[in-house]
Structure formats: structure tokens, C-alpha cells
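So this one's input07.txt, compact mmCIF, C-alpha atoms and all ligand atoms:
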# COMPACT_ATOMS: atom_id res chain seq x y z
CA MET A 1 0.91 -20.14 96.83
CA LYS A 2 2.17 -20.94 100.35
CA LYS A 3 1.65 -24.39 101.83
CA LEU A 4 0.89 -25.26 105.44
CA ASN A 5 4.46 -26.51 105.76
CA ASP A 6 5.71 -22.96 105.05
CA PHE A 7 4.07 -21.87 108.34
CA LYS A 8 5.87 -24.49 110.43
CA ASN A 9 7.98 -21.89 112.25
CA ASP A 10 4.94 -19.65 112.89
CA ILE A 11 2.99 -22.58 114.34
CA ASN A 12 5.97 -23.45 116.53
CA LYS A 13 6.10 -19.84 117.75
CA CYS A 14 2.88 -20.51 119.68
CA SER A 15 4.01 -20.70 123.32
CA LYS A 16 0.63 -22.23 124.33
CA CYS A 17 0.21 -19.31 126.74
CA GLY A 18 -3.55 -19.45 126.18
CA LEU A 19 -3.98 -15.67 126.13
CA CYS A 20 -6.00 -15.99 122.90
CA GLN A 21 -8.72 -17.69 124.96
CA SER A 22 -9.49 -14.42 126.70
CA VAL A 23 -10.39 -12.67 123.43
CA CYS A 24 -11.84 -15.45 121.27
CA PRO A 25 -15.64 -15.09 121.09
CA VAL A 26 -16.07 -18.75 120.09
CA TYR A 27 -13.94 -20.01 122.98
CA LYS A 28 -15.82 -17.78 125.40
CA GLU A 29 -19.08 -19.30 124.19
CA THR A 30 -18.01 -22.95 123.96
CA GLY A 31 -15.03 -23.37 126.29
CA ASN A 32 -13.62 -25.60 123.54
CA ASP A 33 -9.83 -25.27 123.20
CA CYS A 34 -10.06 -26.46 119.57
CA ALA A 35 -12.12 -23.32 118.84
CA VAL A 36 -9.23 -21.02 119.60
CA SER A 37 -5.88 -20.63 117.85
CA ARG A 38 -3.86 -22.51 120.46
CA GLY A 39 -5.92 -25.68 120.04
CA LYS A 40 -5.92 -25.39 116.26
CA PHE A 41 -2.13 -25.01 116.25
CA VAL A 42 -1.75 -28.21 118.30
CA MET A 43 -3.77 -30.05 115.65
CA LEU A 44 -1.94 -28.45 112.71
CA ASP A 45 1.41 -29.25 114.33
CA GLY A 46 0.24 -32.88 114.46
CA VAL A 47 -0.59 -32.67 110.74
CA LEU A 48 2.87 -31.30 109.91
CA LYS A 49 4.56 -34.04 111.94
CA GLY A 50 2.47 -36.67 110.14
CA ASP A 51 0.71 -37.75 113.36
CA LEU A 52 -2.70 -36.45 112.19
CA LYS A 53 -4.43 -36.25 108.84
CA LEU A 54 -5.87 -32.98 107.53
CA ASN A 55 -9.34 -34.50 107.39
CA LYS A 56 -12.94 -33.44 107.89
CA ASN A 57 -12.62 -33.46 111.69
CA ILE A 58 -9.81 -30.93 111.61
CA ASN A 59 -11.69 -28.98 108.93
CA LYS A 60 -14.66 -28.81 111.32
CA TYR A 61 -12.43 -27.05 113.84
CA LEU A 62 -10.98 -24.75 111.17
CA ASP A 63 -14.57 -23.74 110.45
CA LEU A 64 -15.17 -23.13 114.15
CA CYS A 65 -13.71 -19.63 113.81
CA LEU A 66 -15.33 -16.26 113.12
CA LYS A 67 -12.18 -14.92 111.38
CA CYS A 68 -12.57 -11.94 113.68
CA GLY A 69 -8.79 -11.56 114.00
CA LYS A 70 -8.99 -10.79 117.74
CA CYS A 71 -6.44 -13.53 118.55
CA THR A 72 -4.03 -12.18 115.92
CA ASP A 73 -4.20 -8.69 117.45
CA PHE A 74 -3.64 -10.10 120.94
CA CYS A 75 -1.10 -12.90 120.40
CA PRO A 76 2.19 -12.02 122.21
CA SER A 77 4.09 -14.20 119.70
CA GLY A 78 2.79 -12.04 116.82
CA ILE A 79 1.44 -15.00 114.83
CA ASP A 80 -0.69 -14.18 111.78
CA VAL A 81 -3.29 -16.70 112.87
CA CYS A 82 -5.89 -16.26 110.10
CA LYS A 83 -3.27 -16.71 107.32
CA ILE A 84 -2.41 -20.13 108.76
CA PHE A 85 -6.05 -21.22 109.07
CA GLU A 86 -6.78 -20.05 105.50
CA THR A 87 -3.83 -22.01 104.13
CA ALA A 88 -4.84 -25.18 106.01
CA LYS A 89 -8.41 -24.75 104.81
CA TYR A 90 -7.21 -24.34 101.20
CA GLN A 91 -5.03 -27.42 101.42
CA TYR A 92 -7.99 -29.46 102.68
CA ALA A 93 -10.90 -27.99 100.69
CA LYS A 94 -9.35 -27.96 97.21
CA ASN A 95 -9.24 -31.77 97.19
CA THR A 96 -12.80 -32.43 98.44
CA LEU A 97 -16.01 -32.55 96.45
CA THR A 98 -17.73 -29.97 98.69
CA GLY A 99 -14.72 -27.68 98.39
CA LYS A 100 -14.70 -28.01 94.61
CA ILE A 101 -18.43 -27.17 94.45
CA ILE A 102 -18.02 -24.11 96.73
CA PHE A 103 -14.97 -22.93 94.75
CA SER A 104 -16.87 -23.21 91.46
CA LEU A 105 -19.82 -21.25 92.92
CA GLN A 106 -17.34 -18.56 93.97
CA SER A 107 -15.72 -18.41 90.52
CA LYS A 108 -15.70 -15.29 88.37
CA LEU A 109 -18.10 -17.05 86.00
CA VAL A 110 -20.76 -17.71 88.67
CA PHE A 111 -20.29 -15.30 91.60
CA GLY A 112 -18.60 -12.57 89.53
CA ASN A 113 -21.35 -12.56 86.91
CA PHE A 114 -24.07 -12.73 89.57
CA ILE A 115 -22.75 -9.46 91.05
CA ASN A 116 -22.30 -7.94 87.56
CA PHE A 117 -25.91 -8.80 86.72
CA PHE A 118 -27.15 -6.96 89.82
CA LYS A 119 -24.86 -4.01 89.10
CA TYR A 120 -26.50 -3.79 85.67
CA ILE A 121 -30.16 -4.17 86.69
CA THR A 122 -29.89 -1.80 89.67
CA LYS A 123 -28.14 0.95 87.68
CA PRO A 124 -31.35 2.94 86.96
CA PHE A 125 -32.09 3.04 90.71
CA ARG A 126 -28.73 4.51 91.69
CA LYS A 127 -28.01 8.22 91.91
CA SER A 128 -24.38 8.85 91.05
CA ILE A 129 -22.51 10.58 93.83
CA LYS A 130 -21.61 13.95 92.34
CA GLY A 131 -20.43 16.35 95.07
CA LYS A 132 -19.97 20.04 94.21
CA SER A 133 -17.12 21.99 92.61
CA PRO A 134 -14.31 22.72 93.18
CA LYS A 135 -13.45 19.14 93.95
CA SER A 136 -10.58 19.20 96.41
CA LEU A 137 -10.69 15.59 97.55
CA LYS A 138 -10.49 12.63 95.18
CA LEU A 139 -12.00 9.47 96.61
CA LEU A 140 -11.72 6.09 94.94
CA TYR A 141 -14.87 4.38 96.18
CA PHE A 142 -14.76 0.67 96.98
CA LYS A 143 -18.42 -0.20 96.96
CA GLY A 144 -18.32 -3.86 98.02
CA CYS A 145 -20.60 -6.73 97.02
CA VAL A 146 -23.55 -5.84 99.26
CA ASN A 147 -23.75 -2.30 97.87
CA ASN A 148 -23.39 -3.69 94.35
CA LEU A 149 -26.44 -5.87 94.94
CA CYS A 150 -28.51 -3.18 96.61
CA PRO A 151 -28.60 0.40 95.25
CA LYS A 152 -29.82 2.24 98.35
CA ASN A 153 -26.38 3.01 99.79
CA ASP A 154 -25.39 4.97 96.67
CA ASN A 155 -28.42 7.15 97.25
CA TYR A 156 -27.62 7.64 100.94
CA LEU A 157 -24.05 8.61 100.07
CA ASN A 158 -25.26 10.95 97.37
CA LYS A 159 -27.44 12.83 99.87
CA ILE A 160 -24.69 13.00 102.49
CA LEU A 161 -21.96 14.20 100.10
CA LYS A 162 -23.85 16.26 97.54
CA ASN A 163 -22.80 19.62 99.05
CA SER A 164 -19.19 18.61 99.67
CA ASP A 165 -16.29 19.32 97.35
CA VAL A 166 -15.40 15.70 96.77
CA GLU A 167 -14.93 13.68 93.63
CA ILE A 168 -16.09 10.08 93.85
CA ILE A 169 -14.23 7.85 91.42
CA GLU A 170 -15.92 4.54 90.61
CA LYS A 171 -13.94 1.68 89.09
CA ASP A 172 -14.80 -1.87 88.21
CA PHE A 173 -13.64 -3.44 91.49
CA ASP A 174 -14.25 -7.12 92.19
CA CYS A 175 -15.12 -8.48 95.65
CA CYS A 176 -12.57 -7.57 98.35
CA GLY A 177 -11.89 -11.32 98.69
CA LEU A 178 -12.92 -11.94 102.31
CA PRO A 179 -15.51 -14.67 101.54
CA PHE A 180 -12.87 -16.52 99.51
CA LEU A 181 -10.33 -16.34 102.34
CA SER A 182 -12.94 -17.67 104.77
CA SER A 183 -13.65 -20.73 102.65
CA GLY A 184 -9.98 -21.28 101.82
CA ASN A 185 -10.41 -20.42 98.14
CA LEU A 186 -6.97 -18.84 97.86
CA ASP A 187 -6.84 -19.15 94.04
CA ARG A 188 -9.93 -16.98 93.70
CA PHE A 189 -8.57 -14.60 96.34
CA GLU A 190 -5.39 -14.12 94.25
CA GLN A 191 -7.57 -13.47 91.20
CA VAL A 192 -9.62 -10.68 92.85
CA LYS A 193 -6.50 -9.24 94.45
CA ASN A 194 -4.72 -8.94 91.10
CA HIS A 195 -7.82 -7.47 89.47
CA ASN A 196 -8.42 -4.94 92.27
CA LEU A 197 -4.80 -3.81 92.30
CA LYS A 198 -5.15 -2.83 88.63
CA MET A 199 -8.03 -0.50 89.59
CA LEU A 200 -5.60 1.67 91.59
CA ASP A 201 -4.08 2.97 88.38
CA CYS A 202 -5.64 6.45 88.74
CA ASP A 203 -5.13 9.65 90.72
CA PHE A 204 -6.84 9.64 94.13
CA ASP A 205 -6.29 10.83 97.71
CA TYR A 206 -8.00 8.02 99.59
CA ILE A 207 -9.82 4.76 99.00
CA LEU A 208 -13.26 5.33 100.51
CA THR A 209 -15.01 2.36 102.15
CA ASP A 210 -18.22 1.96 104.11
CA CYS A 211 -17.70 -1.66 105.13
CA ALA A 212 -15.14 -2.43 107.84
CA SER A 213 -14.61 -6.01 106.61
CA CYS A 214 -13.91 -4.91 103.01
CA GLU A 215 -11.45 -2.29 104.23
CA SER A 216 -9.52 -4.66 106.47
CA THR A 217 -9.27 -7.23 103.63
CA LEU A 218 -8.16 -4.65 101.05
CA LYS A 219 -5.49 -3.44 103.45
CA GLN A 220 -3.92 -6.89 103.32
CA TYR A 221 -2.84 -6.27 99.73
CA MET A 222 -3.30 -2.58 98.88
CA ASN A 223 -0.62 -0.13 99.86
CA ALA A 224 -2.78 3.02 99.77
CA LYS A 225 -4.42 5.54 102.08
CA PHE A 226 -7.89 4.49 103.25
CA ILE A 227 -10.70 6.52 104.74
CA ASN A 228 -13.96 5.09 106.05
CA ILE A 229 -17.23 6.96 105.69
CA GLY A 230 -17.25 8.04 109.36
CA GLU A 231 -13.74 9.49 109.09
CA LEU A 232 -14.68 11.25 105.84
CA ILE A 233 -17.76 12.88 107.40
CA ASN A 234 -15.57 14.22 110.24
CA LEU A 235 -12.88 15.41 107.84
CA LEU A 236 -15.52 17.34 105.87
CA GLY A 237 -17.01 18.72 109.11
CA LEU A 238 -20.54 17.65 108.13
CA LYS A 239 -23.33 18.36 110.58
CA PHE A 240 -26.74 16.69 110.82
CA THR A 241 -29.94 17.81 112.49
CA PHE A 242 -32.51 15.16 113.39
CA PRO A 243 -36.15 16.24 113.66
CA LYS A 244 -36.68 14.72 117.13
CA PRO A 245 -34.47 13.55 120.02
CA LEU A 246 -32.99 10.07 119.52
CA LYS A 247 -30.84 7.71 121.52
CA VAL A 248 -28.30 5.67 119.58
CA THR A 249 -25.72 3.05 120.33
CA PHE A 250 -22.90 1.72 118.12
CA HIS A 251 -21.58 -1.78 117.47
CA LYS A 252 -17.88 -1.76 116.58
CA PRO A 253 -17.23 -4.42 113.92
CA CYS A 254 -14.28 -6.71 114.73
CA HIS A 255 -12.66 -5.59 111.46
CA LEU A 256 -13.03 -1.86 112.13
CA GLU A 257 -9.52 -0.70 112.92
CA ASN A 258 -10.25 2.89 113.86
CA ASP A 259 -13.45 4.14 115.49
CA LYS A 260 -12.08 7.49 116.66
CA PHE A 261 -14.56 9.15 114.31
CA LEU A 262 -17.47 8.00 116.43
CA ILE A 263 -17.77 10.57 119.26
CA PRO A 264 -17.01 13.67 117.09
CA LEU A 265 -19.50 12.41 114.49
CA PHE A 266 -22.32 11.98 117.02
CA ASN A 267 -21.39 15.34 118.60
CA ASN A 268 -22.16 16.86 115.19
CA CYS A 269 -25.62 15.25 115.15
CA GLU A 270 -28.14 17.57 116.78
CA ASN A 271 -30.83 15.79 118.82
CA VAL A 272 -28.78 12.57 118.99
CA LYS A 273 -27.60 11.12 122.29
CA TYR A 274 -24.93 8.42 122.00
CA ILE A 275 -24.94 5.70 124.65
CA GLN A 276 -22.04 3.26 124.60
CA MET A 277 -23.22 -0.31 125.16
CA ASP A 278 -21.23 -2.73 127.34
CA ALA A 279 -18.66 -4.63 125.25
CA TYR A 280 -19.43 -2.44 122.24
CA ASP A 281 -16.50 -4.01 120.39
CA SER A 282 -17.41 -7.64 121.08
CA CYS A 283 -18.27 -9.77 118.04
CA CYS A 284 -21.84 -9.78 116.65
CA GLY A 285 -21.60 -13.54 116.00
CA PHE A 286 -22.22 -13.45 112.23
CA GLY A 287 -18.90 -14.32 110.57
CA GLY A 288 -20.34 -15.10 107.10
CA GLU A 289 -20.48 -18.87 106.58
CA PHE A 290 -19.78 -19.36 110.33
CA SER A 291 -23.41 -18.41 111.02
CA ILE A 292 -24.57 -21.27 108.79
CA LYS A 293 -22.03 -23.91 109.77
CA ASN A 294 -22.17 -23.14 113.50
CA HIS A 295 -25.60 -21.60 113.80
CA LYS A 296 -26.24 -22.30 117.51
CA ILE A 297 -22.94 -20.74 118.58
CA SER A 298 -23.43 -17.82 116.21
CA LYS A 299 -26.91 -17.18 117.65
CA ALA A 300 -25.67 -17.45 121.25
CA ILE A 301 -22.96 -14.81 120.57
CA SER A 302 -25.54 -12.57 118.84
CA ASP A 303 -27.90 -13.01 121.81
CA LYS A 304 -25.28 -11.71 124.25
CA LYS A 305 -24.71 -8.71 122.01
CA ALA A 306 -28.46 -8.10 121.85
CA GLU A 307 -28.74 -8.06 125.66
CA ASN A 308 -26.10 -5.33 125.87
CA ILE A 309 -27.89 -3.36 123.14
CA LEU A 310 -31.26 -3.59 124.91
CA LYS A 311 -29.75 -2.35 128.20
CA THR A 312 -28.95 0.99 126.54
CA GLY A 313 -32.61 1.71 125.69
CA ALA A 314 -31.42 3.09 122.33
CA ASP A 315 -33.78 3.78 119.43
CA TYR A 316 -31.13 2.77 116.89
CA VAL A 317 -28.10 0.52 116.89
CA ILE A 318 -25.66 1.63 114.24
CA THR A 319 -22.71 -0.11 112.65
CA THR A 320 -20.44 0.06 109.61
CA CYS A 321 -20.48 -3.48 108.22
CA PRO A 322 -23.35 -5.16 106.33
CA GLY A 323 -22.38 -8.54 107.83
CA CYS A 324 -22.66 -7.13 111.36
CA ILE A 325 -26.13 -5.78 110.52
CA ILE A 326 -27.19 -9.41 109.93
CA GLY A 327 -25.53 -10.56 113.18
CA LEU A 328 -27.20 -7.78 115.20
CA LYS A 329 -30.60 -8.52 113.67
CA GLN A 330 -30.10 -12.22 114.40
CA GLY A 331 -29.65 -11.43 118.12
CA LEU A 332 -32.47 -8.88 118.35
CA ALA A 333 -35.05 -10.87 116.38
CA GLY A 334 -38.28 -11.47 118.29
CA ARG A 335 -37.30 -9.30 121.28
CA LYS A 336 -39.56 -6.61 122.69
CA ASN A 337 -38.55 -2.94 122.34
CA SER A 338 -35.69 -3.75 119.99
CA PRO A 339 -33.96 -0.78 118.42
CA LYS A 340 -33.69 -0.59 114.64
CA VAL A 341 -30.39 -1.81 113.22
CA LEU A 342 -28.98 0.56 110.60
CA GLY A 343 -25.79 1.21 108.69
CA LEU A 344 -24.25 4.61 109.45
CA THR A 345 -25.16 6.21 106.11
CA GLU A 346 -28.78 5.06 106.34
CA PHE A 347 -29.04 6.47 109.84
CA LEU A 348 -27.59 9.85 108.83
CA ASN A 349 -30.09 10.03 105.96
CA LYS A 350 -32.88 10.18 108.54
CA SER A 351 -31.76 13.75 109.19
CA LEU A 352 -31.72 14.89 105.56
S1 LIG A 401 -1.97 -16.08 122.28
FE1 LIG A 401 -0.64 -16.72 120.55
S2 LIG A 401 1.12 -17.72 121.56
FE2 LIG A 401 -0.52 -17.62 123.10
S3 LIG A 401 -1.60 -19.61 122.88
FE3 LIG A 401 -2.69 -18.13 121.59
S4 LIG A 401 -1.79 -18.39 119.55
FE4 LIG A 401 -0.38 -19.35 121.03
S1 LIG A 402 -10.09 -15.38 114.58
FE1 LIG A 402 -11.57 -14.88 116.24
S2 LIG A 402 -12.94 -16.66 116.36
FE2 LIG A 402 -11.11 -17.32 115.18
S3 LIG A 402 -9.76 -18.26 116.71
FE3 LIG A 402 -9.16 -16.07 116.52
S4 LIG A 402 -10.33 -15.01 118.13
FE4 LIG A 402 -11.29 -17.04 117.84
Output the file's structure in the form of C-alpha cells.
Amino acid sequence: MKKLNDFKNDINKCSKCGLCQSVCPVYKETGNDCAVSRGKFVMLDGVLKGDLKLNKNINKYLDLCLKCGKCTDFCPSGIDVCKIFETAKYQYAKNTLTGKIIFSLQSKLVFGNFINFFKYITKPFRKSIKGKSPKSLKLLYFKGCVNNLCPKNDNYLNKILKNSDVEIIEKDFDCCGLPFLSSGNLDRFEQVKNHNLKMLDCDFDYILTDCASCESTLKQYMNAKFINIGELINLLGLKFTFPKPLKVTFHKPCHLENDKFLIPLFNNCENVKYIQMDAYDSCCGFGGEFSIKNHKISKAISDKKAENILKTGADYVITTCPGCIIGLKQGLAGRKNSPKVLGLTEFLNKSL
């Protein structure tokens, strides 16, 4: 396991250019330099030099981050910002009482069995995704924790793919690991990573995902070909006819690498008009535990998103991340004429 000290050179690579400020949703909302990577690096440099202690004040600023990765993508020095924050968080949290409690709640015994329990009790309510023969495409499906808790997505996928020649392979995957990275629980992250890598021991063409955050986390440790549900629908050339004209808009999750599927997919939806909202790729404000620890900032970012959504006059706002669905609902709550927030597969099921 790497220590903060191992990132000394990376932290020193920060030229303090401040370009990360222009993309950081938390900085844009707060104007606080400690919210963005540059400010955090100044503090962590102080820790490494022994001038500052890695204490709860610095931890507060480590938590003031949506883990959206926008600064990593933008940083001209090519610093893997989130890796450094996660390591600092681990080094701090593993020695505190709160950290120890959170880590034990995230353990395989507690969190792992909680998910397994839901997998078991929801089994009768899930239709297995069969597809038709011959099966030319083998897809190893990474379901993710939200879909393990709630069976409806299996049923949406089943309806969408039932006439396609695909084989859906289901394995006993654990969580992708993102919540553990966010809270600095790197031991648990290593555990799920090692478990999930063992699940790749089968013949498949792509790993299929329908959550952008899961996919981006898996890509950190899986060397395999991925396809998201939108890309798969386009590859299969699926068409959808909706019973009445609808206007839709799309929120691009921060972790969604490729949204090129979007326009062709909506072009194949009869009676659907796609309207791109302003800043369609700006953060929804959720960020998992960020929305609890920094609720006011989270809500303010969601509110800005909601205003852009409302300007489109859309009937539905669609996305491909269960976390973003919560962020979008947070911003739209209590507003007049709000569109419904739906995951892509649920929306497409409205045509079937
Ligand atoms: S963009 Fe990168 S190099 Fe520039 S201040 Fe931010 S972290 Fe440092
Ligand atoms: S990961 Fe996102 S929220 Fe965190 S510092 Fe970078 S841009 Fe800001």
C-alpha cells in the first residue's frame, strides 16, 4: 500500500497554475482554494515537510471534494489527483475512531453481506436477461450495488435485450470499490479489486455496465474491453417507438468517459426530441458521502444543474449513473414543472 510520502514528487509537480479552479465544481461554488487540488497540495506538502499535521482540519478539506476527477483530466502536469487524496484520507482515517467505525461498516461482513442479503431476497423479482440465439456477443455484466439492491433494472434490461443475440454472463462481483476509495478505505478497496479480478476468468467480449461511476472505477484495475448500455444499444442497432411525442434532456455523469452513443441513440427513438441542456456535463452535486458531509454546497451545485434542466422544458431528464439520479432529484425537488429523472434503461422501457 502506497503512503503519502510516495506521492511527494507528484505533489511537487503541481506548478500552482490554478487551472484546476476553472473546472472544479466545489471551487466554483465556494471560491475556496482549499476545495481544489492546488490548495490541497499546498496543505499536503506542508504535511510531508512536517510543518502541518494530518489532522481533522486537513481531513475536512480532503472531504471537500466530489471525486469528480475533472481536475485530473485537466491538470497540465498530469497529476493523478484523486489517488493522492485517497492515500492521504487513508493515512488519516485508519487511525481515528470515526474512520475505524466507517471501515468496519464497509467490511465484507457488514456491507458485503447486506448486499448479498438483498441479492437473495430480490431474486424472485428479477427476470434473467436471456437474449435470443444464436448468441454472437458475450457480455459479462457488472451489475453494481444499486442494481443488486433493487431488481427493476434487470427487468428493464431483459425487455431491451430479449430479441438481441447476446449472452449475458452474471458472476459474483463485489462492489466496484468507489465508495471505499472515497472514504479512504484502501484495504477494503484492495479486497474488492482482488475479488472482482477473479471474476474475469471466463470467455467474454465486453464487460457491460450501466453505471458510469462503476465503469470508471473498474477501469482503474481491469484491463478489459468495456461497453456501456448506451453503446451496446447502438451497436445492436436497437430502435424504440414511444407512443407520444416527448422532449428529453441528458445529464452527462462526471465519470462517463464516452457519450458518443447519445445522439445516435436518441435518433433511433421515434417521437423523442433531444434537447441539450446548458453545461450538460457539469456535476450534479451528489458525490456520495460529499452530499452528507457538505450538504449545502452539494445542494447549491444541484440547484444550478436543475435550473439548466428546467430551461430545456424537457419531460424527462435522463442519465446513466444511480448516484447522479439522486443529485438531479435533489436539485429538482419542490420545483414546478420538473421533468422526471430516469436512468436510460428505465426511460427506454417506456417505449416497450
Ligand atoms: S491544474 Fe494541476 S498543476 Fe495546475 S494548480 Fe491544479 S493541480 Fe496544480
Ligand atoms: S476531484 Fe472534482 S471536486 Fe475534487 S478537487 Fe478535483 S475538480 Fe474539485
Hey, could you make a per-residue contact list for chain A against ligand LIG 401 (chain A) with 6 Å as the cut-off, showing the nearest pair of atoms and its distance in Å to one decimal, counting all atoms listed in the file, sorted by chain and number, as a tab-separated table?
residue	atom	partner	partner_atom	distance
A:Cys14	CA	A:LIG401	FE4	3.7
A:Ser15	CA	A:LIG401	S2	4.5
A:Lys16	CA	A:LIG401	S3	3.7
A:Cys17	CA	A:LIG401	FE2	4.1
A:Gly18	CA	A:LIG401	S3	3.8
A:Leu19	CA	A:LIG401	S1	4.4
A:Cys20	CA	A:LIG401	S1	4.1
A:Ser37	CA	A:LIG401	S4	5.0
A:Arg38	CA	A:LIG401	S3	4.4
A:Cys75	CA	A:LIG401	S1	3.8
A:Pro76	CA	A:LIG401	FE1	5.7
A:Ser77	CA	A:LIG401	S2	5.0
- [ ] Return as a VMD selection string every polymer residue, whether protein, DNA or RNA, with at least one atom no more than 8 Å from an atom of ligand LIG 402 (chain A); count all atoms listed in the file.
- [x] chain A and resid 20 to 21 23 to 27 35 to 37 64 to 72 81 to 82
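Taking only C-alpha atoms into account, those protein, DNA and RNA residues with any atom at most 12 Å away from (-19.7, 14.4, 117.8) amount to Gly230, Glu231, Ile233, Asn234, Gly237, Leu238, Lys239, Phe240, Lys260, Phe261, Leu262, Ile263, Pro264, Leu265, Phe266, Asn267, Asn268, Cys269, Glu270, Asn271, Val272, Lys273 and Tyr274 of chain A.
For the residues A:Lys219, A:Lys193, A:Lys89, A:Asp73, ranking by smallest atom-to-atom distance to Cys254 in chain A using all atoms listed in the file places A:Asp73 first.
The spacing separating CA of Gln276 in chain A from CA of Phe226 in chain A amounts to 25.6 Å.
Counting from CA of Asn228 in chain A, the distance to CA of Leu140 in chain A is 11.4 Å.
Remark: for Lys296 in chain A, the closest of the candidate residues A:Ser182, A:Asn258, A:Gln191, A:Gln330 is A:Gln330 (distances computed over all atoms listed in the file).
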TODO: Might you pull out every residue within 12 Å of Ala88 in chain A, with only C-alpha atoms counted and same-chain residues fewer than 2 positions away left off, and present them as a PyMOL selection string?
DONE: chain A and resi 1-8+11+40-41+43-45+47-48+53-56+58-63+81-86+90-95+181-186
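Considering the residues A:Gly131, A:Glu346, A:Ala306, A:Lys138 and counting all atoms listed in the file, Ser164 in chain A has its shortest atom-to-atom contact with A:Gly131.
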Open item on the list: For a quick check of understanding, using all atoms listed in the file, which of A:Asp187, A:Leu236, A:Cys175, A:Leu332 has the smallest distance to Asn163 in chain A?
Closed with: A:Leu236
Open item on the list: What does the structure give for the distance between CA of Tyr206 in chain A and CA of Leu137 in chain A, in Å to one decimal?
Closed with: 8.3 Å
Task: Option closest in space to Asn223 in chain A, from A:Ile207, A:Ile115, A:Ile325, A:Ile301 [counting only C-alpha atoms] - done: A:Ile207
Each side padded by 8 Å, which centre and which edge lengths in Å (one decimal) define the axis-aligned box around the listed atoms of range 35-38 of chain A? Give them as AutoDock Vina command-line options.
--center_x -8.0 --center_y -22.0 --center_z 119.2 --size_x 24.3 --size_y 18.7 --size_z 18.6
TODO: Scan for residues within 9 Å of the point (-20.7, -13.3, 110.8) in the coordinates of the file, using all atoms listed in the file, and reply as a ChimeraX atom specification.
DONE: /A:66-68,283-291,298,323-324,326-327
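Distances to Leu235 in chain A were evaluated for A:Pro253, A:Leu161, A:Phe189, A:Asn294 using all atoms listed in the file, and the minimum falls at A:Leu161.
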Would you mind completing range 330-346 of chain A so that it carries N, CA and C atoms, and writing it out as a PDB file, in the frame of the given file?
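To be explicit, this is the file written out as selection-v8.pdb:
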ATOM      1  N   GLN A 330     -29.927 -10.834 113.945  1.00  0.00           N
ATOM      2  CA  GLN A 330     -30.100 -12.220 114.400  1.00  0.00           C
ATOM      3  C   GLN A 330     -30.313 -12.246 115.924  1.00  0.00           C
ATOM      4  N   GLY A 331     -29.529 -11.441 116.660  1.00  0.00           N
ATOM      5  CA  GLY A 331     -29.650 -11.430 118.120  1.00  0.00           C
ATOM      6  C   GLY A 331     -30.911 -10.729 118.596  1.00  0.00           C
ATOM      7  N   LEU A 332     -31.329  -9.690 117.880  1.00  0.00           N
ATOM      8  CA  LEU A 332     -32.470  -8.880 118.350  1.00  0.00           C
ATOM      9  C   LEU A 332     -33.817  -9.432 117.885  1.00  0.00           C
ATOM     10  N   ALA A 333     -33.793 -10.370 116.948  1.00  0.00           N
ATOM     11  CA  ALA A 333     -35.050 -10.870 116.380  1.00  0.00           C
ATOM     12  C   ALA A 333     -35.999 -11.396 117.457  1.00  0.00           C
ATOM     13  N   GLY A 334     -37.245 -10.962 117.386  1.00  0.00           N
ATOM     14  CA  GLY A 334     -38.280 -11.470 118.290  1.00  0.00           C
ATOM     15  C   GLY A 334     -38.251 -10.859 119.686  1.00  0.00           C
ATOM     16  N   ARG A 335     -37.365  -9.908 119.941  1.00  0.00           N
ATOM     17  CA  ARG A 335     -37.300  -9.300 121.280  1.00  0.00           C
ATOM     18  C   ARG A 335     -38.156  -8.039 121.339  1.00  0.00           C
ATOM     19  N   LYS A 336     -38.714  -7.800 122.510  1.00  0.00           N
ATOM     20  CA  LYS A 336     -39.560  -6.610 122.690  1.00  0.00           C
ATOM     21  C   LYS A 336     -38.690  -5.356 122.754  1.00  0.00           C
ATOM     22  N   ASN A 337     -39.222  -4.249 122.279  1.00  0.00           N
ATOM     23  CA  ASN A 337     -38.550  -2.940 122.340  1.00  0.00           C
ATOM     24  C   ASN A 337     -37.155  -2.934 121.716  1.00  0.00           C
ATOM     25  N   SER A 338     -36.998  -3.718 120.657  1.00  0.00           N
ATOM     26  CA  SER A 338     -35.690  -3.750 119.990  1.00  0.00           C
ATOM     27  C   SER A 338     -35.460  -2.466 119.215  1.00  0.00           C
ATOM     28  N   PRO A 339     -34.244  -1.935 119.279  1.00  0.00           N
ATOM     29  CA  PRO A 339     -33.960  -0.780 118.420  1.00  0.00           C
ATOM     30  C   PRO A 339     -33.810  -1.228 116.969  1.00  0.00           C
ATOM     31  N   LYS A 340     -33.935  -0.276 116.049  1.00  0.00           N
ATOM     32  CA  LYS A 340     -33.690  -0.590 114.640  1.00  0.00           C
ATOM     33  C   LYS A 340     -32.200  -0.717 114.408  1.00  0.00           C
ATOM     34  N   VAL A 341     -31.812  -1.649 113.558  1.00  0.00           N
ATOM     35  CA  VAL A 341     -30.390  -1.810 113.220  1.00  0.00           C
ATOM     36  C   VAL A 341     -30.153  -1.129 111.882  1.00  0.00           C
ATOM     37  N   LEU A 342     -29.230  -0.169 111.851  1.00  0.00           N
ATOM     38  CA  LEU A 342     -28.980   0.560 110.600  1.00  0.00           C
ATOM     39  C   LEU A 342     -27.481   0.736 110.352  1.00  0.00           C
ATOM     40  N   GLY A 343     -27.139   0.793 109.070  1.00  0.00           N
ATOM     41  CA  GLY A 343     -25.790   1.210 108.690  1.00  0.00           C
ATOM     42  C   GLY A 343     -25.680   2.709 108.939  1.00  0.00           C
ATOM     43  N   LEU A 344     -24.446   3.194 109.108  1.00  0.00           N
ATOM     44  CA  LEU A 344     -24.250   4.610 109.450  1.00  0.00           C
ATOM     45  C   LEU A 344     -24.858   5.555 108.427  1.00  0.00           C
ATOM     46  N   THR A 345     -24.662   5.267 107.131  1.00  0.00           N
ATOM     47  CA  THR A 345     -25.160   6.210 106.110  1.00  0.00           C
ATOM     48  C   THR A 345     -26.694   6.241 106.095  1.00  0.00           C
ATOM     49  N   GLU A 346     -27.317   5.081 106.307  1.00  0.00           N
ATOM     50  CA  GLU A 346     -28.780   5.060 106.340  1.00  0.00           C
ATOM     51  C   GLU A 346     -29.301   5.863 107.529  1.00  0.00           C
TER      52      GLU A 346
END
